[in-house]
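Okay, structure_17.pdb is below, PDB, C-alpha atoms:
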ATOM      1  CA  MET A  22      23.605 114.503 -38.277
ATOM      2  CA  SER A  23      26.052 117.134 -37.029
ATOM      3  CA  HIS A  24      28.913 116.435 -34.675
ATOM      4  CA  ARG A  25      29.024 117.669 -31.096
ATOM      5  CA  GLU A  26      31.659 117.719 -28.397
ATOM      6  CA  PHE A  27      31.454 115.172 -25.615
ATOM      7  CA  ASN A  28      33.459 115.025 -22.403
ATOM      8  CA  VAL A  29      34.688 111.521 -21.794
ATOM      9  CA  ILE A  30      36.460 110.310 -18.662
ATOM     10  CA  VAL A  31      38.878 107.395 -18.900
ATOM     11  CA  THR A  32      39.794 105.834 -15.555
ATOM     12  CA  ILE A  33      42.747 103.439 -15.424
ATOM     13  CA  GLN A  34      42.898 101.399 -12.257
ATOM     14  CA  ASN A  35      45.024  98.435 -11.279
ATOM     15  CA  LYS A  36      43.185  95.127 -11.055
ATOM     16  CA  SER A  37      42.266  93.864  -7.622
ATOM     17  CA  PHE A  38      45.084  91.280  -7.529
ATOM     18  CA  ILE A  39      47.609  94.145  -7.588
ATOM     19  CA  ASN A  40      48.027  95.866  -4.247
ATOM     20  CA  ASP A  41      47.855  99.657  -4.190
ATOM     21  CA  PRO A  42      50.434 101.042  -1.731
ATOM     22  CA  GLU A  43      49.451 104.660  -2.410
ATOM     23  CA  GLY A  44      45.758 103.950  -1.741
ATOM     24  CA  GLU A  45      46.663 101.977   1.389
ATOM     25  CA  THR A  46      48.751 104.865   2.745
ATOM     26  CA  ILE A  47      45.996 107.402   2.035
ATOM     27  CA  TYR A  48      43.504 105.135   3.763
ATOM     28  CA  HIS A  49      45.492 104.140   6.838
ATOM     29  CA  ASP A  50      47.594 107.228   7.460
ATOM     30  CA  LEU A  51      45.190 109.978   6.466
ATOM     31  CA  ILE A  52      41.572 108.867   6.429
ATOM     32  CA  LEU A  53      41.480 106.395   9.347
ATOM     33  CA  LYS A  54      43.828 108.466  11.494
ATOM     34  CA  ASN A  55      41.367 111.324  11.167
ATOM     35  CA  GLN A  56      38.437 109.211  12.306
ATOM     36  CA  TYR A  57      36.558 108.816   8.995
ATOM     37  CA  LYS A  58      35.591 105.325  10.003
ATOM     38  CA  ASN A  59      32.687 105.033   7.580
ATOM     39  CA  ILE A  60      35.173 104.907   4.672
ATOM     40  CA  LYS A  61      36.100 101.320   4.073
ATOM     41  CA  SER A  62      38.785 101.371   1.396
ATOM     42  CA  VAL A  63      40.683 103.522  -1.105
ATOM     43  CA  ARG A  64      42.049 102.618  -4.526
ATOM     44  CA  THR A  65      44.032 105.168  -6.514
ATOM     45  CA  ALA A  66      43.602 105.503 -10.269
ATOM     46  CA  LYS A  67      44.758 107.587 -13.192
ATOM     47  CA  VAL A  68      42.134 109.706 -14.929
ATOM     48  CA  LEU A  69      42.226 111.131 -18.454
ATOM     49  CA  LYS A  70      39.627 113.730 -19.440
ATOM     50  CA  LEU A  71      39.022 113.762 -23.175
ATOM     51  CA  VAL A  72      36.984 116.087 -25.351
ATOM     52  CA  VAL A  73      35.658 114.052 -28.274
ATOM     53  CA  ASN A  74      33.896 115.068 -31.457
ATOM     54  CA  ALA A  75      31.136 112.594 -32.285
ATOM     55  CA  LYS A  76      27.606 112.286 -33.634
ATOM     56  CA  ASN A  77      26.178 110.905 -30.415
ATOM     57  CA  PRO A  78      27.197 109.626 -26.961
ATOM     58  CA  LEU A  79      27.421 106.050 -28.195
ATOM     59  CA  GLU A  80      29.875 106.964 -30.932
ATOM     60  CA  ALA A  81      31.907 109.117 -28.525
ATOM     61  CA  ARG A  82      32.233 106.213 -26.144
ATOM     62  CA  SER A  83      33.043 103.585 -28.759
ATOM     63  CA  SER A  84      35.696 105.739 -30.451
ATOM     64  CA  VAL A  85      37.432 106.282 -27.087
ATOM     65  CA  LYS A  86      37.214 102.569 -26.295
ATOM     66  CA  LYS A  87      38.851 101.755 -29.641
ATOM     67  CA  MET A  88      41.608 104.322 -29.071
ATOM     68  CA  CYS A  89      42.312 102.963 -25.563
ATOM     69  CA  GLU A  90      42.643  99.422 -26.876
ATOM     70  CA  ASP A  91      44.618 100.291 -30.041
ATOM     71  CA  LEU A  92      47.178 102.441 -28.220
ATOM     72  CA  ARG A  93      47.212 100.349 -25.050
ATOM     73  CA  ILE A  94      46.312 103.339 -22.930
ATOM     74  CA  PHE A  95      46.038 100.729 -20.182
ATOM     75  CA  ASN A  96      48.044  97.536 -19.855
ATOM     76  CA  PRO A  97      45.400  94.789 -19.697
ATOM     77  CA  ILE A  98      47.680  92.519 -17.658
ATOM     78  CA  VAL A  99      47.517  94.785 -14.618
ATOM     79  CA  SER A 100      44.828  97.392 -15.254
ATOM     80  CA  ASP A 101      41.164  97.831 -16.005
ATOM     81  CA  CYS A 102      39.900 100.780 -17.969
ATOM     82  CA  GLN A 103      36.534 102.391 -17.384
ATOM     83  CA  ILE A 104      35.061 104.822 -19.903
ATOM     84  CA  ASN A 105      32.348 107.231 -18.779
ATOM     85  CA  LEU A 106      30.626 110.132 -20.477
ATOM     86  CA  LEU A 107      30.593 113.153 -18.233
ATOM     87  CA  CYS A 108      27.012 114.275 -17.832
ATOM     88  CA  ASP A 109      26.761 118.011 -18.197
ATOM     89  CA  ASN A 110      24.572 120.402 -20.155
ATOM     90  CA  ASN A 111      26.742 119.985 -23.208
ATOM     91  CA  ASN A 112      26.094 116.268 -23.384
TER      92      ASN A 112
ATOM     93  CA  MET B   2      81.630  94.003 -39.951
ATOM     94  CA  LEU B   3      79.622  93.373 -36.791
ATOM     95  CA  LYS B   4      77.389  96.223 -35.793
ATOM     96  CA  ILE B   5      75.127  96.865 -32.800
ATOM     97  CA  GLY B   6      72.408  99.512 -32.660
ATOM     98  CA  ILE B   7      71.338 101.536 -29.623
ATOM     99  CA  PRO B   8      67.903 103.116 -30.182
ATOM    100  CA  ILE B   9      67.580 106.404 -28.302
ATOM    101  CA  PHE B  10      64.508 108.321 -27.240
ATOM    102  CA  PRO B  11      64.000 111.734 -25.664
ATOM    103  CA  GLY B  12      65.100 110.989 -22.082
ATOM    104  CA  SER B  13      67.339 107.956 -22.696
ATOM    105  CA  ASN B  14      70.327 108.378 -20.386
ATOM    106  CA  CYS B  15      72.218 105.076 -20.312
ATOM    107  CA  ASP B  16      72.876 105.046 -24.064
ATOM    108  CA  ARG B  17      76.436 106.360 -23.767
ATOM    109  CA  ASP B  18      77.285 103.862 -21.033
ATOM    110  CA  ILE B  19      76.328 100.983 -23.326
ATOM    111  CA  TYR B  20      78.178 102.612 -26.235
ATOM    112  CA  HIS B  21      81.256 102.856 -23.983
ATOM    113  CA  VAL B  22      81.017  99.168 -23.057
ATOM    114  CA  LEU B  23      80.543  97.935 -26.628
ATOM    115  CA  THR B  24      83.169 100.127 -28.262
ATOM    116  CA  LYS B  25      85.848 100.252 -25.559
ATOM    117  CA  PHE B  26      85.714  96.702 -24.210
ATOM    118  CA  TYR B  27      84.559  94.743 -27.230
ATOM    119  CA  LYS B  28      85.651  97.032 -30.104
ATOM    120  CA  ILE B  29      82.279  96.599 -31.791
ATOM    121  CA  LYS B  30      80.997  99.202 -34.215
ATOM    122  CA  THR B  31      78.014 100.747 -32.462
ATOM    123  CA  ASP B  32      75.460 103.271 -33.711
ATOM    124  CA  PHE B  33      72.987 105.445 -31.894
ATOM    125  CA  ILE B  34      69.646 105.265 -33.691
ATOM    126  CA  TRP B  35      67.187 108.122 -33.144
ATOM    127  CA  HIS B  36      63.642 106.935 -32.396
ATOM    128  CA  LYS B  37      62.194 108.539 -35.540
ATOM    129  CA  LYS B  38      64.214 106.298 -37.837
ATOM    130  CA  ASP B  39      61.836 103.930 -39.623
ATOM    131  CA  LYS B  40      64.286 101.846 -41.640
ATOM    132  CA  ILE B  41      67.433 100.195 -40.295
ATOM    133  CA  LYS B  42      69.544  97.346 -41.627
ATOM    134  CA  ASN B  43      72.592  95.189 -41.059
ATOM    135  CA  TYR B  44      72.447  95.202 -37.267
ATOM    136  CA  ASN B  45      73.670  92.061 -35.520
ATOM    137  CA  ALA B  46      72.042  93.056 -32.246
ATOM    138  CA  ILE B  47      70.010  95.832 -30.650
ATOM    139  CA  VAL B  48      70.437  97.132 -27.094
ATOM    140  CA  ILE B  49      67.693  99.444 -25.828
ATOM    141  CA  PRO B  50      69.106 101.581 -23.015
ATOM    142  CA  GLY B  51      67.651 102.825 -19.749
ATOM    143  CA  GLY B  52      66.480 106.286 -18.842
ATOM    144  CA  PHE B  53      63.074 107.938 -18.988
ATOM    145  CA  SER B  54      61.735 107.852 -22.553
ATOM    146  CA  PHE B  55      59.243 110.649 -23.184
ATOM    147  CA  GLY B  56      59.344 111.450 -19.478
ATOM    148  CA  ASP B  57      57.722 108.073 -18.754
ATOM    149  CA  ARG B  58      54.390 109.840 -19.319
ATOM    150  CA  LEU B  59      51.280 107.710 -18.807
ATOM    151  CA  ARG B  60      53.364 104.564 -18.234
ATOM    152  CA  ALA B  61      57.089 103.948 -18.547
ATOM    153  CA  GLY B  62      57.893 102.741 -22.065
ATOM    154  CA  LEU B  63      54.403 103.132 -23.534
ATOM    155  CA  ILE B  64      54.973 106.148 -25.768
ATOM    156  CA  ALA B  65      58.349 104.850 -26.945
ATOM    157  CA  ALA B  66      56.656 101.551 -27.827
ATOM    158  CA  HIS B  67      54.687 103.399 -30.513
ATOM    159  CA  SER B  68      57.733 105.045 -32.120
ATOM    160  CA  PRO B  69      58.951 104.193 -35.671
ATOM    161  CA  ILE B  70      62.191 102.590 -34.483
ATOM    162  CA  ILE B  71      60.280 100.049 -32.394
ATOM    163  CA  LYS B  72      58.512  98.794 -35.521
ATOM    164  CA  GLU B  73      61.993  98.068 -36.862
ATOM    165  CA  VAL B  74      63.111  96.467 -33.598
ATOM    166  CA  LYS B  75      60.027  94.227 -33.822
ATOM    167  CA  ARG B  76      60.935  93.279 -37.362
ATOM    168  CA  LEU B  77      64.531  92.430 -36.413
ATOM    169  CA  GLY B  78      63.393  90.649 -33.252
ATOM    170  CA  ASN B  79      60.986  88.514 -35.270
ATOM    171  CA  ASP B  80      63.877  87.665 -37.600
ATOM    172  CA  GLY B  81      65.839  86.294 -34.637
ATOM    173  CA  VAL B  82      68.228  89.220 -34.079
ATOM    174  CA  PRO B  83      69.226  89.421 -30.384
ATOM    175  CA  VAL B  84      67.536  92.337 -28.611
ATOM    176  CA  LEU B  85      68.378  93.381 -25.057
ATOM    177  CA  GLY B  86      66.296  95.938 -23.154
ATOM    178  CA  ILE B  87      67.798  97.317 -19.965
ATOM    179  CA  CYS B  88      65.615  99.124 -17.407
ATOM    180  CA  ASN B  89      63.552 101.582 -19.502
ATOM    181  CA  GLY B  90      64.517  99.389 -22.461
ATOM    182  CA  PHE B  91      62.844  96.464 -20.675
ATOM    183  CA  GLN B  92      59.760  98.616 -20.062
ATOM    184  CA  ILE B  93      59.681  99.507 -23.775
ATOM    185  CA  LEU B  94      59.937  95.827 -24.788
ATOM    186  CA  VAL B  95      57.074  94.933 -22.457
ATOM    187  CA  GLU B  96      54.906  97.794 -23.694
ATOM    188  CA  SER B  97      55.727  96.804 -27.284
ATOM    189  CA  GLN B  98      54.468  93.313 -26.408
ATOM    190  CA  LEU B  99      57.749  91.783 -27.498
ATOM    191  CA  LEU B 100      57.915  90.467 -23.941
ATOM    192  CA  PRO B 101      54.997  89.436 -21.732
ATOM    193  CA  GLY B 102      53.792  91.187 -18.600
ATOM    194  CA  SER B 103      53.798  94.659 -17.189
ATOM    195  CA  LEU B 104      56.134  96.841 -15.131
ATOM    196  CA  ILE B 105      54.463  99.019 -12.529
ATOM    197  CA  LYS B 106      55.545 101.288  -9.674
ATOM    198  CA  ASN B 107      57.763  99.686  -7.052
ATOM    199  CA  ASN B 108      55.897  98.497  -3.973
ATOM    200  CA  SER B 109      57.655 101.152  -1.902
ATOM    201  CA  LEU B 110      56.663 103.828  -4.463
ATOM    202  CA  ASN B 111      60.301 104.961  -4.224
ATOM    203  CA  PHE B 112      62.936 105.165  -6.916
ATOM    204  CA  ILE B 113      65.427 102.508  -5.825
ATOM    205  CA  CYS B 114      69.105 102.860  -6.660
ATOM    206  CA  LYS B 115      71.395 100.264  -5.110
ATOM    207  CA  TRP B 116      73.341  97.066  -5.687
ATOM    208  CA  THR B 117      71.523  93.785  -5.500
ATOM    209  CA  ASP B 118      72.090  90.072  -6.156
ATOM    210  CA  LEU B 119      70.778  88.248  -9.182
ATOM    211  CA  LYS B 120      70.428  84.557  -9.878
ATOM    212  CA  VAL B 121      70.715  83.200 -13.432
ATOM    213  CA  ARG B 122      67.740  80.986 -14.242
ATOM    214  CA  ASN B 123      68.253  80.427 -17.957
ATOM    215  CA  THR B 124      71.609  80.107 -19.709
ATOM    216  CA  ASN B 125      70.066  79.360 -23.066
ATOM    217  CA  THR B 126      69.811  82.915 -24.459
ATOM    218  CA  PRO B 127      72.266  85.055 -26.461
ATOM    219  CA  PHE B 128      72.839  87.093 -23.288
ATOM    220  CA  THR B 129      73.422  84.375 -20.694
ATOM    221  CA  SER B 130      75.421  81.579 -22.346
ATOM    222  CA  LYS B 131      78.596  82.510 -20.433
ATOM    223  CA  PHE B 132      76.907  82.051 -17.056
ATOM    224  CA  LYS B 133      76.431  78.847 -15.124
ATOM    225  CA  MET B 134      72.892  77.857 -14.209
ATOM    226  CA  ASN B 135      71.913  79.382 -10.819
ATOM    227  CA  GLU B 136      75.064  81.511 -10.809
ATOM    228  CA  LEU B 137      74.789  84.477  -8.444
ATOM    229  CA  PHE B 138      76.217  87.897  -9.237
ATOM    230  CA  LYS B 139      76.001  91.474  -8.058
ATOM    231  CA  ILE B 140      74.556  94.251 -10.192
ATOM    232  CA  PRO B 141      73.141  97.771  -9.702
ATOM    233  CA  ILE B 142      69.450  98.571 -10.056
ATOM    234  CA  ALA B 143      67.992 102.051 -10.552
ATOM    235  CA  ASN B 144      64.263 102.197 -11.173
ATOM    236  CA  GLY B 145      60.925 103.567 -10.035
ATOM    237  CA  GLU B 146      58.685 101.313 -12.120
ATOM    238  CA  GLY B 147      60.462  97.993 -11.833
ATOM    239  CA  ARG B 148      57.811  95.795 -10.324
ATOM    240  CA  PHE B 149      57.321  93.060 -12.894
ATOM    241  CA  ILE B 150      53.822  91.595 -12.989
ATOM    242  CA  LEU B 151      52.338  88.621 -14.810
ATOM    243  CA  ASN B 152      48.891  87.204 -14.267
ATOM    244  CA  LYS B 153      48.576  83.634 -12.954
ATOM    245  CA  ALA B 154      48.180  82.049 -16.388
ATOM    246  CA  GLN B 155      51.183  83.931 -17.794
ATOM    247  CA  LEU B 156      53.371  83.021 -14.829
ATOM    248  CA  LYS B 157      52.531  79.372 -15.329
ATOM    249  CA  GLU B 158      53.273  79.727 -19.035
ATOM    250  CA  VAL B 159      56.660  81.465 -18.667
ATOM    251  CA  LYS B 160      57.744  78.910 -16.078
ATOM    252  CA  LYS B 161      56.707  76.069 -18.339
ATOM    253  CA  LYS B 162      58.570  77.591 -21.276
ATOM    254  CA  ASN B 163      61.584  78.478 -19.140
ATOM    255  CA  GLN B 164      61.407  82.185 -20.007
ATOM    256  CA  ILE B 165      62.586  83.554 -16.655
ATOM    257  CA  VAL B 166      66.202  84.638 -17.183
ATOM    258  CA  PHE B 167      67.164  86.422 -13.946
ATOM    259  CA  SER B 168      65.598  86.687 -10.523
ATOM    260  CA  TYR B 169      66.502  88.742  -7.466
ATOM    261  CA  HIS B 170      68.299  86.645  -4.860
ATOM    262  CA  ASN B 171      67.591  87.210  -1.146
ATOM    263  CA  ASP B 172      66.226  90.614  -2.043
ATOM    264  CA  ASP B 173      62.855  91.996  -3.060
ATOM    265  CA  PRO B 174      63.604  95.537  -4.220
ATOM    266  CA  ASN B 175      60.352  96.228  -6.047
ATOM    267  CA  GLY B 176      57.800  93.492  -5.375
ATOM    268  CA  SER B 177      58.160  91.670  -8.708
ATOM    269  CA  ILE B 178      56.198  88.452  -9.052
ATOM    270  CA  ASP B 179      58.368  85.384  -8.407
ATOM    271  CA  SER B 180      61.232  87.900  -7.857
ATOM    272  CA  ILE B 181      61.643  88.142 -11.637
ATOM    273  CA  ALA B 182      64.358  90.607 -12.714
ATOM    274  CA  GLY B 183      64.668  89.560 -16.350
ATOM    275  CA  ILE B 184      62.642  87.601 -18.856
ATOM    276  CA  THR B 185      62.898  86.373 -22.436
ATOM    277  CA  ASN B 186      60.465  85.703 -25.280
ATOM    278  CA  GLU B 187      59.559  82.181 -26.358
ATOM    279  CA  GLU B 188      62.227  82.226 -29.089
ATOM    280  CA  ARG B 189      64.800  83.445 -26.486
ATOM    281  CA  ASN B 190      66.412  86.084 -28.700
ATOM    282  CA  ILE B 191      64.788  89.007 -26.866
ATOM    283  CA  VAL B 192      65.668  89.640 -23.221
ATOM    284  CA  GLY B 193      64.530  92.419 -20.915
ATOM    285  CA  MET B 194      66.024  93.105 -17.496
ATOM    286  CA  MET B 195      65.629  95.868 -14.910
ATOM    287  CA  PRO B 196      69.226  95.856 -13.509
ATOM    288  CA  HIS B 197      72.081  97.654 -15.283
ATOM    289  CA  PRO B 198      74.961  95.399 -16.411
ATOM    290  CA  GLU B 199      76.627  98.322 -18.235
ATOM    291  CA  ARG B 200      77.220  99.980 -14.872
ATOM    292  CA  THR B 201      79.652  97.248 -13.839
ATOM    293  CA  CYS B 202      82.115  97.620 -16.686
ATOM    294  CA  GLN B 203      84.998  99.314 -14.847
ATOM    295  CA  SER B 204      86.578  98.795 -11.455
ATOM    296  CA  GLU B 205      85.829 102.420 -10.495
ATOM    297  CA  LEU B 206      82.108 101.675 -10.770
ATOM    298  CA  LYS B 207      82.103  98.534  -8.683
ATOM    299  CA  LEU B 208      81.737  97.823  -5.016
ATOM    300  CA  PHE B 209      85.057  96.919  -3.434
ATOM    301  CA  GLY B 210      86.079  93.345  -4.099
ATOM    302  CA  LEU B 211      83.482  92.510  -6.698
ATOM    303  CA  THR B 212      84.248  90.607  -9.812
ATOM    304  CA  ASN B 213      82.446  91.922 -12.849
ATOM    305  CA  SER B 214      80.293  88.888 -13.548
ATOM    306  CA  ALA B 215      77.478  91.066 -14.855
ATOM    307  CA  MET B 216      79.654  91.755 -17.888
ATOM    308  CA  LYS B 217      79.096  88.119 -18.877
ATOM    309  CA  ILE B 218      75.830  89.411 -20.353
ATOM    310  CA  PHE B 219      77.836  91.343 -22.951
ATOM    311  CA  ASP B 220      80.477  88.569 -23.200
ATOM    312  CA  SER B 221      77.645  86.189 -24.107
ATOM    313  CA  LEU B 222      76.165  88.571 -26.670
ATOM    314  CA  ILE B 223      79.473  89.220 -28.415
ATOM    315  CA  ALA B 224      80.302  85.491 -28.527
ATOM    316  CA  TYR B 225      76.843  84.839 -29.974
ATOM    317  CA  ILE B 226      77.046  87.405 -32.767
ATOM    318  CA  LYS B 227      80.639  86.385 -33.628
ATOM    319  CA  LYS B 228      79.539  82.777 -34.176
TER     320      LYS B 228
END
Would it be possible to restate this file's structure as structure tokens?
Amino acid sequence: MSHREFNVIVTIQNKSFINDPEGETIYHDLILKNQYKNIKSVRTAKVLKLVVNAKNPLEARSSVKKMCEDLRIFNPIVSDCQINLLCDNNN
Amino acid sequence: MLKIGIPIFPGSNCDRDIYHVLTKFYKIKTDFIWHKKDKIKNYNAIVIPGGFSFGDRLRAGLIAAHSPIIKEVKRLGNDGVPVLGICNGFQILVESQLLPGSLIKNNSLNFICKWTDLKVRNTNTPFTSKFKMNELFKIPIANGEGRFILNKAQLKEVKKKNQIVFSYHNDDPNGSIDSIAGITNEERNIVGMMPHPERTCQSELKLFGLTNSAMKIFDSLIAYIKK
């Protein structure tokens, strides 16, 4: 089976027991002050967009997961890491 | 001959201050060690300086933690050689998993540069033997990612094993859990701290009227390696 390119999004976000002063400021001083009352909370995160060569989506995802854990792309004490394949025509 | 190594990374900027302290005040042979070096020997202690290694990209200390010299620091640390990480050096030790926890952005999101008060909570390390238990002293801090975090289980564990070395006293500059400013490993030969003891070495650097108690960190280290 030939390899293809997959777009993978890695989102690193602090766990809920860590407060997020940047998210709180965006929420209180920008969103609520401008009357977007339907929005209930904001958490900031760091996003990495990767282009990965793999046989299939499953392999793309698992190779990124392994890399994130091996290199400690996120510190598991404070952060969670979410790995998503970007759905576009290429995938 | 006693010898101390200072690993340096692209962006280290407190390396020369520590070199100045060790060579001028203690007359110890001191080497700078570039981060690419993958074999070092005959060092009696290692001091990892502050600064911004690799621009603190992704997370302060993470990229440096993967460098060849850190493999050597791990080897020496596991052999019981005293290792001190100051500021970015502390972040590198945490990201290398030589010390527990994580250092994240200060609660204020600001870079904080000021003097603060520390309390000594463990005198049983190579860096704190010259202090008295609960001794208070003044010291400068300068960091943006200095908020030390442990999860509940780890906090319980480090308290049980008496691994907290310094805490902020009547001050909460970055939101660290339990006001922790410095911590040690279980074996107590590796210590990381956010404040900068090397910045207290001369009277010109100090606030008026201060004694330079923070230098007891280096006094302790030198006494330890001379033993």
If you count all atoms listed in the file, which residues fall within 12 Å of Leu69 (chain A), apart from same-chain ones fewer than 5 positions away, as a PDB file with C-alpha atoms, in the frame of the given file?
ATOM      1  CA  ASN A  28      33.459 115.025 -22.403  1.00  0.00           C
ATOM      2  CA  VAL A  29      34.688 111.521 -21.794  1.00  0.00           C
ATOM      3  CA  ILE A  30      36.460 110.310 -18.662  1.00  0.00           C
ATOM      4  CA  VAL A  31      38.878 107.395 -18.900  1.00  0.00           C
ATOM      5  CA  THR A  32      39.794 105.834 -15.555  1.00  0.00           C
ATOM      6  CA  ILE A  33      42.747 103.439 -15.424  1.00  0.00           C
ATOM      7  CA  GLN A  34      42.898 101.399 -12.257  1.00  0.00           C
ATOM      8  CA  VAL A  85      37.432 106.282 -27.087  1.00  0.00           C
ATOM      9  CA  CYS A  89      42.312 102.963 -25.563  1.00  0.00           C
ATOM     10  CA  ILE A  94      46.312 103.339 -22.930  1.00  0.00           C
ATOM     11  CA  PHE A  95      46.038 100.729 -20.182  1.00  0.00           C
ATOM     12  CA  CYS A 102      39.900 100.780 -17.969  1.00  0.00           C
ATOM     13  CA  GLN A 103      36.534 102.391 -17.384  1.00  0.00           C
ATOM     14  CA  ILE A 104      35.061 104.822 -19.903  1.00  0.00           C
ATOM     15  CA  ASN A 105      32.348 107.231 -18.779  1.00  0.00           C
ATOM     16  CA  LEU A 106      30.626 110.132 -20.477  1.00  0.00           C
ATOM     17  CA  LEU A 107      30.593 113.153 -18.233  1.00  0.00           C
TER      18      LEU A 107
ATOM     19  CA  LEU B  59      51.280 107.710 -18.807  1.00  0.00           C
TER      20      LEU B  59
END
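Using all atoms listed in the file, the shortest contact distance between chain A and any of B:Gly90, B:Pro196, B:Pro8, B:Pro101 is found at B:Pro101.
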So what do you get for CA of Ser84 (chain A) versus CA of Ile70 (chain B), distance-wise?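 If I compute the distance from CA of Ser84 (chain A) to CA of Ile70 (chain B), I get 27.0 Å.
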List as a ChimeraX atom specification the protein and nucleic acid residues near region 31-47 of chain B, meaning an atom at most 9 Å away when all atoms listed in the file are counted, but skip any in the same chain fewer than 2 places from it. /B:3-11,16-17,20,23-24,28-29,49,65,68-74,77-78,82-86,222,226
Test item: residues at most 12 Å from Gly147 (chain B), all atoms listed in the file, excluding those fewer than 3 positions along its chain, as a PyMOL selection string: chain B and resi 51+60-62+87-92+95+102-114+142-144+150+169+173-178+180-183+193-196
Selection file, C-alpha atoms, as a tab-separated table (two decimals), in the coordinates of the input:
chain	number	residue	atom	x	y	z
B	51	GLY	CA	67.65	102.82	-19.75
B	60	ARG	CA	53.36	104.56	-18.23
B	61	ALA	CA	57.09	103.95	-18.55
B	62	GLY	CA	57.89	102.74	-22.06
B	87	ILE	CA	67.80	97.32	-19.96
B	88	CYS	CA	65.61	99.12	-17.41
B	89	ASN	CA	63.55	101.58	-19.50
B	90	GLY	CA	64.52	99.39	-22.46
B	91	PHE	CA	62.84	96.46	-20.68
B	92	GLN	CA	59.76	98.62	-20.06
B	95	VAL	CA	57.07	94.93	-22.46
B	102	GLY	CA	53.79	91.19	-18.60
B	103	SER	CA	53.80	94.66	-17.19
B	104	LEU	CA	56.13	96.84	-15.13
B	105	ILE	CA	54.46	99.02	-12.53
B	106	LYS	CA	55.54	101.29	-9.67
B	107	ASN	CA	57.76	99.69	-7.05
B	108	ASN	CA	55.90	98.50	-3.97
B	109	SER	CA	57.66	101.15	-1.90
B	110	LEU	CA	56.66	103.83	-4.46
B	111	ASN	CA	60.30	104.96	-4.22
B	112	PHE	CA	62.94	105.16	-6.92
B	113	ILE	CA	65.43	102.51	-5.82
B	114	CYS	CA	69.10	102.86	-6.66
B	142	ILE	CA	69.45	98.57	-10.06
B	143	ALA	CA	67.99	102.05	-10.55
B	144	ASN	CA	64.26	102.20	-11.17
B	150	ILE	CA	53.82	91.60	-12.99
B	169	TYR	CA	66.50	88.74	-7.47
B	173	ASP	CA	62.86	92.00	-3.06
B	174	PRO	CA	63.60	95.54	-4.22
B	175	ASN	CA	60.35	96.23	-6.05
B	176	GLY	CA	57.80	93.49	-5.38
B	177	SER	CA	58.16	91.67	-8.71
B	178	ILE	CA	56.20	88.45	-9.05
B	180	SER	CA	61.23	87.90	-7.86
B	181	ILE	CA	61.64	88.14	-11.64
B	182	ALA	CA	64.36	90.61	-12.71
B	183	GLY	CA	64.67	89.56	-16.35
B	193	GLY	CA	64.53	92.42	-20.92
B	194	MET	CA	66.02	93.10	-17.50
B	195	MET	CA	65.63	95.87	-14.91
B	196	PRO	CA	69.23	95.86	-13.51
Counting all atoms listed in the file, which residues in chain A sit no more than 9 Å from chain B? For each one, give the nearest pair of atoms and the distance in Å, sorted by chain then residue number, as CSV.
residue,atom,partner,partner_atom,distance
A:Phe38,CA,B:Asn152,CA,8.7
A:Ile39,CA,B:Ile150,CA,8.6
A:Asn40,CA,B:Asn108,CA,8.3
A:Asp41,CA,B:Asn108,CA,8.1
A:Pro42,CA,B:Asn108,CA,6.4
A:Glu43,CA,B:Leu110,CA,7.5
A:Lys67,CA,B:Leu59,CA,8.6
A:Leu92,CA,B:His67,CA,7.9
A:Arg93,CA,B:Leu63,CA,7.9
A:Ile94,CA,B:Leu59,CA,7.8
A:Phe95,CA,B:Arg60,CA,8.5
A:Asn96,CA,B:Ser103,CA,7.0
A:Pro97,CA,B:Ser103,CA,8.8
A:Ile98,CA,B:Gly102,CA,6.3
A:Val99,CA,B:Ser103,CA,6.8
Those selected residues, please, written with C-alpha atoms and delivered as a PDB file, in the frame of the given file.
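Final file, selection.pdb:
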ATOM      1  CA  PHE A  38      45.084  91.280  -7.529  1.00  0.00           C
ATOM      2  CA  ILE A  39      47.609  94.145  -7.588  1.00  0.00           C
ATOM      3  CA  ASN A  40      48.027  95.866  -4.247  1.00  0.00           C
ATOM      4  CA  ASP A  41      47.855  99.657  -4.190  1.00  0.00           C
ATOM      5  CA  PRO A  42      50.434 101.042  -1.731  1.00  0.00           C
ATOM      6  CA  GLU A  43      49.451 104.660  -2.410  1.00  0.00           C
ATOM      7  CA  LYS A  67      44.758 107.587 -13.192  1.00  0.00           C
ATOM      8  CA  LEU A  92      47.178 102.441 -28.220  1.00  0.00           C
ATOM      9  CA  ARG A  93      47.212 100.349 -25.050  1.00  0.00           C
ATOM     10  CA  ILE A  94      46.312 103.339 -22.930  1.00  0.00           C
ATOM     11  CA  PHE A  95      46.038 100.729 -20.182  1.00  0.00           C
ATOM     12  CA  ASN A  96      48.044  97.536 -19.855  1.00  0.00           C
ATOM     13  CA  PRO A  97      45.400  94.789 -19.697  1.00  0.00           C
ATOM     14  CA  ILE A  98      47.680  92.519 -17.658  1.00  0.00           C
ATOM     15  CA  VAL A  99      47.517  94.785 -14.618  1.00  0.00           C
TER      16      VAL A  99
END
Centre and size of axis-aligned box enclosing region 49-68 of chain A plus 6 Å each side, as JSON:
{"center_x": 40.1, "center_y": 106.3, "center_z": -1.3, "size_x": 26.9, "size_y": 22.0, "size_z": 39.2}
What's the separation between CA of Asn190 (chain B) and CA of Leu119 (chain B), in Å to one decimal place? 20.1 Å
What separation in Å, quoted to one decimal, exists between CA of Pro50 (chain B) and CA of Leu94 (chain B)?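 Separation between CA of Pro50 (chain B) and CA of Leu94 (chain B): 11.0 Å.
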Determine, counting only C-alpha atoms, which protein, DNA and RNA residues have an atom within 10 Å of an atom of Gln164 (chain B); residues of the same chain fewer than 5 positions away are not included. Present the result as a VMD selection string. chain B and resid 100 to 101 122 to 123 125 to 126 156 158 to 159 183 to 189 192
Could you list, as a VMD selection string, every residue matched by the PyMOL selection byres ((chain A and resi 60-62) around 10) in this structure? chain A and resid 44 to 45 47 to 49 52 to 53 56 to 59 63 to 64
